[in-house]
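Asks: Okay, here's the structure, questions in a sec.
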Amino acid sequence: MNQTEAHRIASHHLGDTLTVVTRGGPTGDDWIIVACDDIGGHVVRSARAATVDAAAADCAAKLRAAGWSPSHARLEWADNRLYLCIGRTRFVVATYLLPGADLLFHPGQSGWIRGLDAAGIAAECAEWCAANLPSLHLPLFPGDSR
C-alpha cells in the first residue's frame with residue numbers, strides 16, 4: 001500500500017484530525033497513526049496496528065472517548081446497512097440481509113439483488129461506492145478480517 005492510499009484510509013476514520021500516517025514499530029511493519037483535536041484543550045492520540053484501517057479505527061476510538069465527534073463525510077457499516085455519514089447525520093446507502101444475502105441500494109432502489117454471499121455484497125457496495133462516492137474509503141465489510 002502506498003502512502004496516498006494509507007492517508008485516504010486513515011482520513012476515513014479521522015477526517016481533519018489526522019496528522020501522521022507512517023510505518024514503524026519494532027520491525028517497521030506496523031502502521032502508526034497520530035491525530036489531534038482541540039476538545040477543551042489540545043488532545044493528541046495515537047495508535048499502532050498491522051493495518052492502516054485497524055490503527056486509524058483505534059485512534060478514532062481514543063479520540064471519541066476523549067469527547068471528539070467526527071464531522072467529516074465517511075462510510076460506515078451498521079445495523080445491516082451501509083451509511084453515508086456527515087457529522088451526526090446518517091443516510092442509508094444500502095441495506096443487506098444475511099444469511100439470505102440480498103442487497104438493496106437506496107439511492108436508486110431498483111430492487112433487491114438476490115443470492116449474494118457476504119463477499120458479493122461487499123463487492124457490489126465497493127463498485128457502487130467507486131462509481132458514486134469515489135473520494136470516500138469503504139471500510140471492510142463486517143466480519144472481514146483482511
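Residue numbering restarts at 1 for every chain of the C-alpha cells, chains are lettered A, B, ... in their displayed order, and ligands are numbered from 1 as they appear.
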Which residues are close to range 46-63 of chain A, i.e. within 9 Å by only C-alpha atoms, leaving aside same-chain residues fewer than 6 positions away? Reply as JSON, numbers by chain.
Replies: {"A": [6, 7, 9, 10, 11, 12, 13, 14, 18, 20, 21, 24, 25, 29, 30, 31, 32, 33, 34, 35, 36, 37, 69, 70, 139, 140, 146]}
Asks: Keeping only N, CA and C atoms, write those residues as a tab-separated table (two decimals), in the first residue's frame.
Replies:
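Once everything was written out, this is part37.tsv:
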```tsv
chain	number	residue	atom	x	y	z
A	6	ALA	N	-2.85	4.91	2.09
A	6	ALA	CA	-2.86	4.82	3.56
A	6	ALA	C	-3.47	6.08	4.17
A	7	HIS	N	-3.13	7.24	3.62
A	7	HIS	CA	-3.68	8.51	4.14
A	7	HIS	C	-5.19	8.57	3.89
A	9	ILE	N	-7.31	6.05	3.69
A	9	ILE	CA	-7.97	5.14	4.62
A	9	ILE	C	-8.01	5.73	6.03
A	10	ALA	N	-6.89	6.29	6.49
A	10	ALA	CA	-6.85	6.88	7.83
A	10	ALA	C	-7.78	8.10	7.91
A	11	SER	N	-7.85	8.88	6.84
A	11	SER	CA	-8.74	10.05	6.82
A	11	SER	C	-10.20	9.65	6.94
A	12	HIS	N	-10.54	8.47	6.44
A	12	HIS	CA	-11.90	7.97	6.57
A	12	HIS	C	-12.33	7.95	8.04
A	13	HIS	N	-11.44	7.52	8.91
A	13	HIS	CA	-11.75	7.40	10.33
A	13	HIS	C	-11.60	8.73	11.07
A	14	LEU	N	-10.63	9.55	10.65
A	14	LEU	CA	-10.22	10.68	11.48
A	14	LEU	C	-10.46	12.06	10.88
A	18	LEU	N	-6.45	13.97	11.52
A	18	LEU	CA	-5.30	13.14	11.15
A	18	LEU	C	-4.07	14.01	10.96
A	20	VAL	N	-0.50	12.30	11.29
A	20	VAL	CA	0.62	11.46	10.86
A	20	VAL	C	0.13	10.07	10.46
A	21	VAL	N	0.64	9.60	9.32
A	21	VAL	CA	0.45	8.22	8.88
A	21	VAL	C	1.84	7.74	8.47
A	24	GLY	N	6.22	1.91	11.20
A	24	GLY	CA	7.12	1.88	12.35
A	24	GLY	C	6.90	0.64	13.18
A	25	GLY	N	7.18	0.76	14.47
A	25	GLY	CA	7.07	-0.37	15.37
A	25	GLY	C	8.39	-1.12	15.43
A	29	ASP	N	7.05	-2.79	10.41
A	29	ASP	CA	5.94	-3.23	9.57
A	29	ASP	C	4.58	-2.70	10.01
A	30	ASP	N	4.50	-2.12	11.19
A	30	ASP	CA	3.22	-1.61	11.70
A	30	ASP	C	2.91	-0.25	11.08
A	31	TRP	N	1.63	0.09	11.11
A	31	TRP	CA	1.19	1.42	10.72
A	31	TRP	C	0.97	2.22	12.00
A	32	ILE	N	1.49	3.42	12.04
A	32	ILE	CA	1.33	4.31	13.19
A	32	ILE	C	0.52	5.51	12.73
A	33	ILE	N	-0.52	5.78	13.48
A	33	ILE	CA	-1.44	6.88	13.17
A	33	ILE	C	-1.44	7.84	14.36
A	34	VAL	N	-1.36	9.12	14.07
A	34	VAL	CA	-1.44	10.15	15.10
A	34	VAL	C	-2.51	11.15	14.67
A	35	ALA	N	-3.36	11.54	15.61
A	35	ALA	CA	-4.41	12.52	15.34
A	35	ALA	C	-4.51	13.47	16.52
A	36	CYS	N	-4.93	14.69	16.24
A	36	CYS	CA	-5.13	15.63	17.34
A	36	CYS	C	-6.36	16.48	17.05
A	37	ASP	N	-6.98	16.91	18.13
A	37	ASP	CA	-8.16	17.76	18.05
A	37	ASP	C	-8.19	18.64	19.28
A	69	SER	N	-16.28	14.19	18.27
A	69	SER	CA	-17.31	13.65	17.38
A	69	SER	C	-16.89	13.96	15.95
A	70	PRO	N	-16.83	12.96	15.09
A	70	PRO	CA	-16.41	13.22	13.71
A	70	PRO	C	-17.42	14.10	12.98
A	139	PRO	N	-14.98	1.04	4.30
A	139	PRO	CA	-14.34	0.14	5.26
A	139	PRO	C	-14.69	-1.32	4.97
A	140	LEU	N	-13.93	-2.21	5.57
A	140	LEU	CA	-14.18	-3.64	5.37
A	140	LEU	C	-15.60	-4.01	5.79
A	146	ARG	N	-9.49	-8.99	6.76
A	146	ARG	CA	-8.28	-8.69	5.98
A	146	ARG	C	-7.47	-7.59	6.55
```
Asks: Got a sec to tell me which of range 2-119 of chain A DSSP assigns to strand (DSSP E or B), as a PyMOL selection string?
Replies: chain A and resi 18-24+30-38+42-49+73-78+81-86+89-97+102-105+113
Asks: Using only C-alpha atoms, determine which residues lie at most 12 Å from range 119-125 of chain A, disregarding the query and same-chain residues fewer than 5 positions distant; provide the list as a PyMOL selection string.
Replies: chain A and resi 75-77+80-83+93-106+112-114+130-134+137-144
Asks: Let me make sure I understand: among A:Gly67, A:Gly15, A:Gly115, A:Gly87, which one has the smallest atom-to-atom distance to His42 in chain A if we use only C-alpha atoms?
Replies: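 When distances to His42 in chain A are compared using only C-alpha atoms, the smallest one comes from A:Gly67.
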Asks: Which one is closest to Arg74 in chain A: A:Asn2, A:Arg45, A:Leu136, A:Arg8? Count only C-alpha atoms.
Replies: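 Of A:Asn2, A:Arg45, A:Leu136, A:Arg8, the one nearest Arg74 in chain A, counting only C-alpha atoms, is A:Leu136.
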Asks: Rounded to one decimal, what separation in Å do you get between CA of Thr19 in chain A and CA of Cys85 in chain A?
Replies: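 Calculated distance between CA of Thr19 in chain A and CA of Cys85 in chain A is 21.5 Å.
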Asks: Run DSSP on the backbone and tell me which residues of range 61-107 of chain A come out as alpha helix (DSSP H); list them as a list of chain:residue names.
Replies: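 Answer for range 61-107 of chain A restricted to alpha helix (DSSP H) is A:Ala61, A:Lys62, A:Leu63, A:Arg64, A:Ala65.
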